[in-house]
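Okay, so here's the structure we're looking at.
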2 protein chains.
Amino acid sequence: MKSVGVVQPQTRHFAAPLTLQSGAQLRDYTLTYETYGTLNAARSNAVLVCHALNASHHVAGTYEGQAKSEGWWDNLVGPGKPLDTDRFFVIGINNPGSCFGSTGPMHTNPDTGRLYGADFPVVTVEDWVNAQARLLTELGIEQLAAVVGGSLGGMQALSWTLQYPQRVRHCLAIATAPNLSAQNIAFNEVARRAIVTDPDFHGGHFYEHGVVPKRGLRVARMIGHITYLSDDVMEQKFGRDLKGDALAYSTQDAEFQVESYLRYQGDKFSEYFDANTYLLITRALDYFDPAKAFGGDLSAALARATAKFLVVSFTTDWRFSPARSREIVKALVDNQHSVSYAEIDAPHGHDAFLLDDPRYHGVVRAYLDRVADECAGPAAAPAVKGFAV
Amino acid sequence: MKSVGVVQPQTRHFAAPLTLQSGAQLRDYTLTYETYGTLNAARSNAVLVCHALNASHHVAGTYEGQAKSEGWWDNLVGPGKPLDTDRFFVIGINNPGSCFGSTGPMHTNPDTGRLYGADFPVVTVEDWVNAQARLLTELGIEQLAAVVGGSLGGMQALSWTLQYPQRVRHCLAIATAPNLSAQNIAFNEVARRAIVTDPDFHGGHFYEHGVVPKRGLRVARMIGHITYLSDDVMEQKFGRDLKGDALAYSTQDAEFQVESYLRYQGDKFSEYFDANTYLLITRALDYFDPAKAFGGDLSAALARATAKFLVVSFTTDWRFSPARSREIVKALVDNQHSVSYAEIDAPHGHDAFLLDDPRYHGVVRAYLDRVADECAGPAAAPAVKGFAV
């Protein structure tokens with residue numbers, strides 16, 4: 001399968017402040033983004049890909065001279081791939097608060113001249129969607145053929161259809177949920193406590209101390225990793241396999257392969273991920289709850305959506321189980337919105353949304369092929385109930 | 001329901017060393033234990049209760065002047081209760097390596113004159129059973145009417161039937177598993193990393209520094225706690241309830257009730273639990289795997305058992321799911337051992353084994369009533385295949 005090839009991130013500076021859900025303002029900020037494919041003359045073939053916790057604007061392709069720098073969804077996005085860059089103009093935007101390019105805790109707070117650190121304002125899924133919408137306007141894209149996202153990215157995709165119903169024709173919400181469960185929040189909270197109580201965190205201003213709360217980041221990542229994988233796939237991958245030939249009878253050395261694997265994942269993550277970003281992104285996950293303003297009634301919350309939907313879940317995903325996706329589907333059906341739903345029998349747990357399971361990719365390909373046909377045809381008008389673009 | 005009333009722990013010193021599975025020796029050690037009820041003249045009504053991670057020899061009753069000091073299984077053990085102390089002589093033994101009385105990391109290493117700390121030898125389920133067996137011999141109990149345990153206690157109960165088949169007539173293995181899954185080990189490992197990487201751990205010799213690795217213990221307990229509860233019961237108990245009236249938009253303050261609850265559990269635990277004990281006990285969990293010596297064949301491993309079994313699991317237990325209990329049941333059936341199995345429909349997750357669900361307690365009561373009748377009758381001989389006491 002071909003790749004989009006060598007890509008280059010771009011940036012756009014915003015001088016006008018972005019008012020956040022908390023009431024705070026983000027001012028003087030920059031968004032980093034990438035695009036793949038060509039925007040058609042009607043500007044009707046744009047697809048926004050929203051990223052989850054440990055990802056960025058770098059969705060597909062590689063960077064010059066860096067062979068192993070494939071984008072995080074390179075198996076899905078490219079020429080001839082399910083999200084086909086020969087037909088779509090695909091945009092990946094790094095969300096503010098991230099540590100991968102857009103303005104975040106590691107950047108300078110214009111109010112103080114010091115690095116933001118823990119003073120970076122709390123951002124929500126809704127704030128991110130507002131920031132993305134602004135950038136799209138700057139790029140001359142008034143309406144998206146589709147918004148696509150998995151996990152936390154799926155929450156953004158869903159939120160797009162509620163915040164900007166007129167600007168989205170299709171929403172692909174994959175391996176996501178209408179909000180976090182108490183257990184989801186609990187896992188996030190343990191990860192945050194591991195970071196915040198690391199003495200190297202320094203209340204979130206560790207940059208000034210020249211240290212990184214790596215211990216906390218490692219533990220946070222290890223916890224996260226367990227919840228990304230299914231119990232079954234961990235069993236298949238590692239089982240009770242030992243690292244050495246025999247037990248070492250040690251409480252501190254890694255005895256089992258699964259321990260080495262998790263330690264490696266934690267170490268790697270702590271080398272590149274920002275601790276304040278981890279707090280911000282997990283909080284954005286916690287806060288997302290579009291039904292809240294409707295007394296918990298998700299059907300009422302989704303009434304204002306006008307997009308058509310593809311909802312995809314994975315049988316062994318216990319972080320955002322199929323039951324959570326079915327809540328979304330039910331609420332859409334309650335509103336007589338157009339929705340396709342696929343529950344993919346995949347062993348990999350939550351991580352399945354990043355893998356190239358043929359049934360999963362087949363469903364996404366079939367759906368997006370129809371969307372591409374719409375864009376190409378004369379009827380690129382929004383599939384909405386009376387809304388004009 | 002009546003309590004066993006005020007109880008007093010007892011201790012027994014062992015001068016003869018205990019050779020451990022690792023090859024190391026534990027010497028000059030003391031076991032702390034409690035007993036309830038009366039040993040009958042035939043010495044045939046003794047029941048050993050094995051404890052899990054966060055428990056001890058203090059199974060039932062209260063301590064003088066401490067109204068809220070009920071034993072950890074007080075709802076199950078007492079006069080007229082399912083494990084009826086009017087009929088049975090019940091023994092609770094604190095395992096070596098614990099921090100609740102028996103010799104552990106907080107005690108003096110006779111080889112060095114310093115506190116053991118991280119030098120306390122690694123102990124296994126099999127080692128604990130050997131230590132328990134020694135104490136029972138000292139108490140004049142050659143054969144147990146039953147050995148009872150939940151979770152890690154259930155592993156000890158199971159191991160009793162394999163290490164000392166002639167000394168156990170009945171085994172009650174509750175909410176347990178024949179070994180830990182990769183996911184189980186993974187959760188233990190994250191908890192251990194949180195403790196070991198806490199700067200206050202000092203390689204396990206923190207006592208000398210006058211500090212306690214409380215940050216690590218808190219995180220460890222929070223992780224553990226999530227796995228003890230079912231997703232559903234967390235949802236019912238906490239859902240997405242906020243701590244305050246509105247969102248505070250903070251990444252570091254507790255926003256949701258479930259966060260406050262976990263922090264409280266973590267704080268409380270870090271005040272009394274020993275970090276080295278946490279490492280030892282989670283390792284004992286990791287290592288337990290009676291099928292290992294039989295190439296993973298659990299049926300072959302359980303062949304030598306001669307006890308009769310009651311196996312109990314709980315539908316929402318995702319730490320040790322019913323499927324794991326069914327593995328035990330299948331292996332027992334393969335050997336034509338006598339086994340009763342109850343899968344209790346309870347919402348509480350793994351913690352259910354500590355609660356007084358009436359169906360669960362009903363099953364245990366019915367089983368133990370028959371065991372008590374056996375003890376009382378003339379046929380208190382072991383239900384074994386040709387083994388003599």
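For the structure tokens, the naming scheme is as follows: chains receive sequential letters (A, B, ...) according to their order of presentation, residues are indexed from 1 within each chain, and ligands are indexed from 1 in presentation order.
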Against chain A, which residues of chain B fall within 7 Å? For each one I want the closest pair of atoms and the distance in Å (one decimal), counting only C-alpha atoms, rows by chain and increasing residue number, as CSV.
```
residue,atom,partner,partner_atom,distance
B:Ser22,CA,A:Tyr249,CA,6.2
B:Val122,CA,A:Tyr249,CA,6.0
B:Ser181,CA,A:Gly239,CA,6.5
B:Ala182,CA,A:Gly239,CA,5.0
B:Gln183,CA,A:Asp231,CA,5.8
B:Ala186,CA,A:Glu259,CA,6.3
B:Glu189,CA,A:Glu259,CA,6.3
B:Val190,CA,A:Val219,CA,6.1
B:Arg193,CA,A:Val219,CA,7.0
B:Ala194,CA,A:Val219,CA,6.3
B:Thr197,CA,A:Arg215,CA,6.3
B:Arg215,CA,A:Thr197,CA,6.3
B:Val219,CA,A:Val190,CA,6.2
B:Met222,CA,A:Val190,CA,6.3
B:Ile223,CA,A:Val190,CA,6.7
B:Asp231,CA,A:Gln183,CA,5.8
B:Met234,CA,A:Ala182,CA,5.8
B:Glu235,CA,A:Ala182,CA,5.4
B:Phe238,CA,A:Ala182,CA,6.4
B:Gly239,CA,A:Ala182,CA,5.0
B:Arg240,CA,A:Ala182,CA,6.0
B:Tyr249,CA,A:Val122,CA,6.0
B:Ser250,CA,A:Val122,CA,6.7
B:Thr251,CA,A:Leu279,CA,5.8
B:Val258,CA,A:Ala186,CA,6.4
B:Glu259,CA,A:Ala186,CA,6.3
B:Leu279,CA,A:Thr251,CA,5.8
B:Leu280,CA,A:Thr251,CA,6.3
B:Arg283,CA,A:Thr251,CA,6.2
```
Give me the residues within 6 Å of segment 54-60 of chain B as a ChimeraX atom specification, counting only C-alpha atoms and dropping any in the same chain fewer than 3 places off. /B:33-34,51,71-74,92-94
Which polymer residues have any atom within 9 Å of an atom of segment 324-326 of chain A, counting only C-alpha atoms, with same-chain residues fewer than 4 positions away left out, as a VMD selection string? chain A and resid 173 to 179 311 to 313 320 330 to 331 341 343
Mind checking DSSP for segment 208-387 of chain B and telling me the helix (DSSP H, G or I) residues as number ranges by chain? B: 208-209, 214-228, 231-237, 257-272, 275-287, 292-294, 298-302, 322-334, 349-354, 358-376
Mind pulling up the distance from atom CA of Ala146 of chain B to atom CA of Phe288 of chain B?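 Distance between the two atoms: 20.8 Å.
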Please identify all polymer residues within 12 Å of Leu136 of chain A, counting only C-alpha atoms, omitting same-chain residues fewer than 2 positions from it, and present them as a PyMOL selection string. chain A and resi 12+31+33-35+43+46-48+89-93+129-134+138-144+147+164+167-168
Output the selection as a compact mmCIF listing (two decimals), in the first residue's frame - N, CA, C and O atoms for each residue.
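Result file is result-v1.txt:
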```
# COMPACT_ATOMS: atom_id res chain seq x y z
N ARG A 12 0.02 27.68 12.14
CA ARG A 12 -0.78 28.89 11.95
C ARG A 12 -0.89 29.57 13.31
O ARG A 12 -1.24 28.94 14.31
N LEU A 31 -1.28 26.71 16.17
CA LEU A 31 -1.68 25.32 15.92
C LEU A 31 -0.76 24.72 14.86
O LEU A 31 -0.45 25.37 13.86
N TYR A 33 -0.30 21.65 12.15
CA TYR A 33 -1.19 20.74 11.42
C TYR A 33 -0.48 20.18 10.20
O TYR A 33 0.59 20.65 9.81
N GLU A 34 -1.07 19.13 9.64
CA GLU A 34 -0.58 18.57 8.38
C GLU A 34 -1.78 18.35 7.47
O GLU A 34 -2.90 18.15 7.94
N THR A 35 -1.53 18.38 6.17
CA THR A 35 -2.59 18.03 5.21
C THR A 35 -2.03 17.04 4.20
O THR A 35 -0.84 17.04 3.91
N ARG A 43 -14.20 22.66 -2.70
CA ARG A 43 -13.80 22.62 -1.28
C ARG A 43 -14.71 21.69 -0.46
O ARG A 43 -15.02 21.96 0.69
N ALA A 46 -12.89 17.79 2.18
CA ALA A 46 -11.99 17.85 3.34
C ALA A 46 -12.44 16.89 4.44
O ALA A 46 -13.64 16.81 4.76
N VAL A 47 -11.48 16.17 4.99
CA VAL A 47 -11.76 15.26 6.12
C VAL A 47 -10.81 15.61 7.26
O VAL A 47 -9.58 15.62 7.08
N LEU A 48 -11.37 15.90 8.40
CA LEU A 48 -10.55 16.19 9.58
C LEU A 48 -10.36 14.92 10.40
O LEU A 48 -11.34 14.22 10.70
N PHE A 89 -9.09 15.44 0.89
CA PHE A 89 -8.09 16.35 1.44
C PHE A 89 -8.15 16.17 2.96
O PHE A 89 -9.13 16.54 3.60
N VAL A 90 -7.11 15.54 3.49
CA VAL A 90 -7.15 15.12 4.90
C VAL A 90 -6.32 16.09 5.75
O VAL A 90 -5.21 16.47 5.37
N ILE A 91 -6.88 16.49 6.87
CA ILE A 91 -6.21 17.43 7.76
C ILE A 91 -6.05 16.80 9.15
O ILE A 91 -7.01 16.26 9.71
N GLY A 92 -4.85 16.86 9.68
CA GLY A 92 -4.59 16.49 11.07
C GLY A 92 -4.17 17.73 11.83
O GLY A 92 -3.29 18.46 11.36
N ILE A 93 -4.79 17.99 12.96
CA ILE A 93 -4.47 19.21 13.73
C ILE A 93 -4.05 18.80 15.14
O ILE A 93 -4.73 18.03 15.80
N VAL A 129 -12.38 21.47 19.58
CA VAL A 129 -13.19 21.55 18.36
C VAL A 129 -13.30 23.01 17.91
O VAL A 129 -13.18 23.30 16.70
N ASN A 130 -13.45 23.91 18.84
CA ASN A 130 -13.49 25.34 18.47
C ASN A 130 -12.17 25.76 17.82
O ASN A 130 -12.17 26.49 16.82
N ALA A 131 -11.06 25.32 18.39
CA ALA A 131 -9.76 25.67 17.82
C ALA A 131 -9.60 25.08 16.42
O ALA A 131 -9.10 25.75 15.50
N GLN A 132 -10.04 23.85 16.27
CA GLN A 132 -9.96 23.19 14.95
C GLN A 132 -10.83 23.93 13.93
O GLN A 132 -10.42 24.15 12.78
N ALA A 133 -12.02 24.32 14.36
CA ALA A 133 -12.96 25.00 13.45
C ALA A 133 -12.36 26.33 12.96
O ALA A 133 -12.50 26.70 11.80
N ARG A 134 -11.71 27.03 13.88
CA ARG A 134 -11.06 28.29 13.50
C ARG A 134 -10.01 28.08 12.43
O ARG A 134 -9.92 28.84 11.47
N GLU A 138 -9.73 29.39 8.49
CA GLU A 138 -8.54 30.05 7.92
C GLU A 138 -8.08 29.34 6.65
O GLU A 138 -7.54 29.97 5.74
N LEU A 139 -8.26 28.03 6.63
CA LEU A 139 -7.83 27.25 5.46
C LEU A 139 -8.90 27.29 4.35
O LEU A 139 -8.75 26.62 3.33
N GLY A 140 -9.98 28.00 4.59
CA GLY A 140 -11.03 28.13 3.58
C GLY A 140 -11.95 26.92 3.49
O GLY A 140 -12.60 26.69 2.48
N ILE A 141 -11.98 26.16 4.56
CA ILE A 141 -12.86 24.98 4.58
C ILE A 141 -14.07 25.28 5.45
O ILE A 141 -13.96 25.32 6.68
N GLU A 142 -15.18 25.49 4.79
CA GLU A 142 -16.38 25.84 5.55
C GLU A 142 -17.11 24.60 6.04
O GLU A 142 -17.76 24.61 7.07
N GLN A 143 -16.99 23.54 5.24
CA GLN A 143 -17.69 22.30 5.62
C GLN A 143 -16.80 21.08 5.38
O GLN A 143 -16.12 20.99 4.35
N LEU A 144 -16.85 20.17 6.34
CA LEU A 144 -16.09 18.93 6.22
C LEU A 144 -16.94 17.85 5.57
O LEU A 144 -18.13 17.70 5.92
N VAL A 147 -15.65 14.14 9.61
CA VAL A 147 -14.73 14.25 10.73
C VAL A 147 -14.58 12.83 11.28
O VAL A 147 -15.57 12.10 11.42
N TYR A 164 -20.90 22.32 15.62
CA TYR A 164 -20.95 22.88 14.26
C TYR A 164 -21.73 21.97 13.33
O TYR A 164 -21.18 21.45 12.35
N ARG A 167 -21.40 22.29 9.63
CA ARG A 167 -20.07 22.19 9.03
C ARG A 167 -19.58 20.74 8.88
O ARG A 167 -18.43 20.51 8.52
N VAL A 168 -20.40 19.76 9.19
CA VAL A 168 -20.00 18.34 9.09
C VAL A 168 -21.06 17.53 8.36
O VAL A 168 -22.22 17.52 8.80
```
Check the DSSP output for the backbone and give back, as a PyMOL selection string, the residues of segment 37-268 of chain B in strand (DSSP E or B). chain B and resi 46-50+62-63+66+77-78+83-84+89-93+108+115+144-150+168-174+242+256
Spatial neighbours of Asp274 of chain B, 10 Å, only C-alpha atoms, chain gap at least 6 places, as a ChimeraX atom specification: /B:97-100,104-106,117,212-214,217
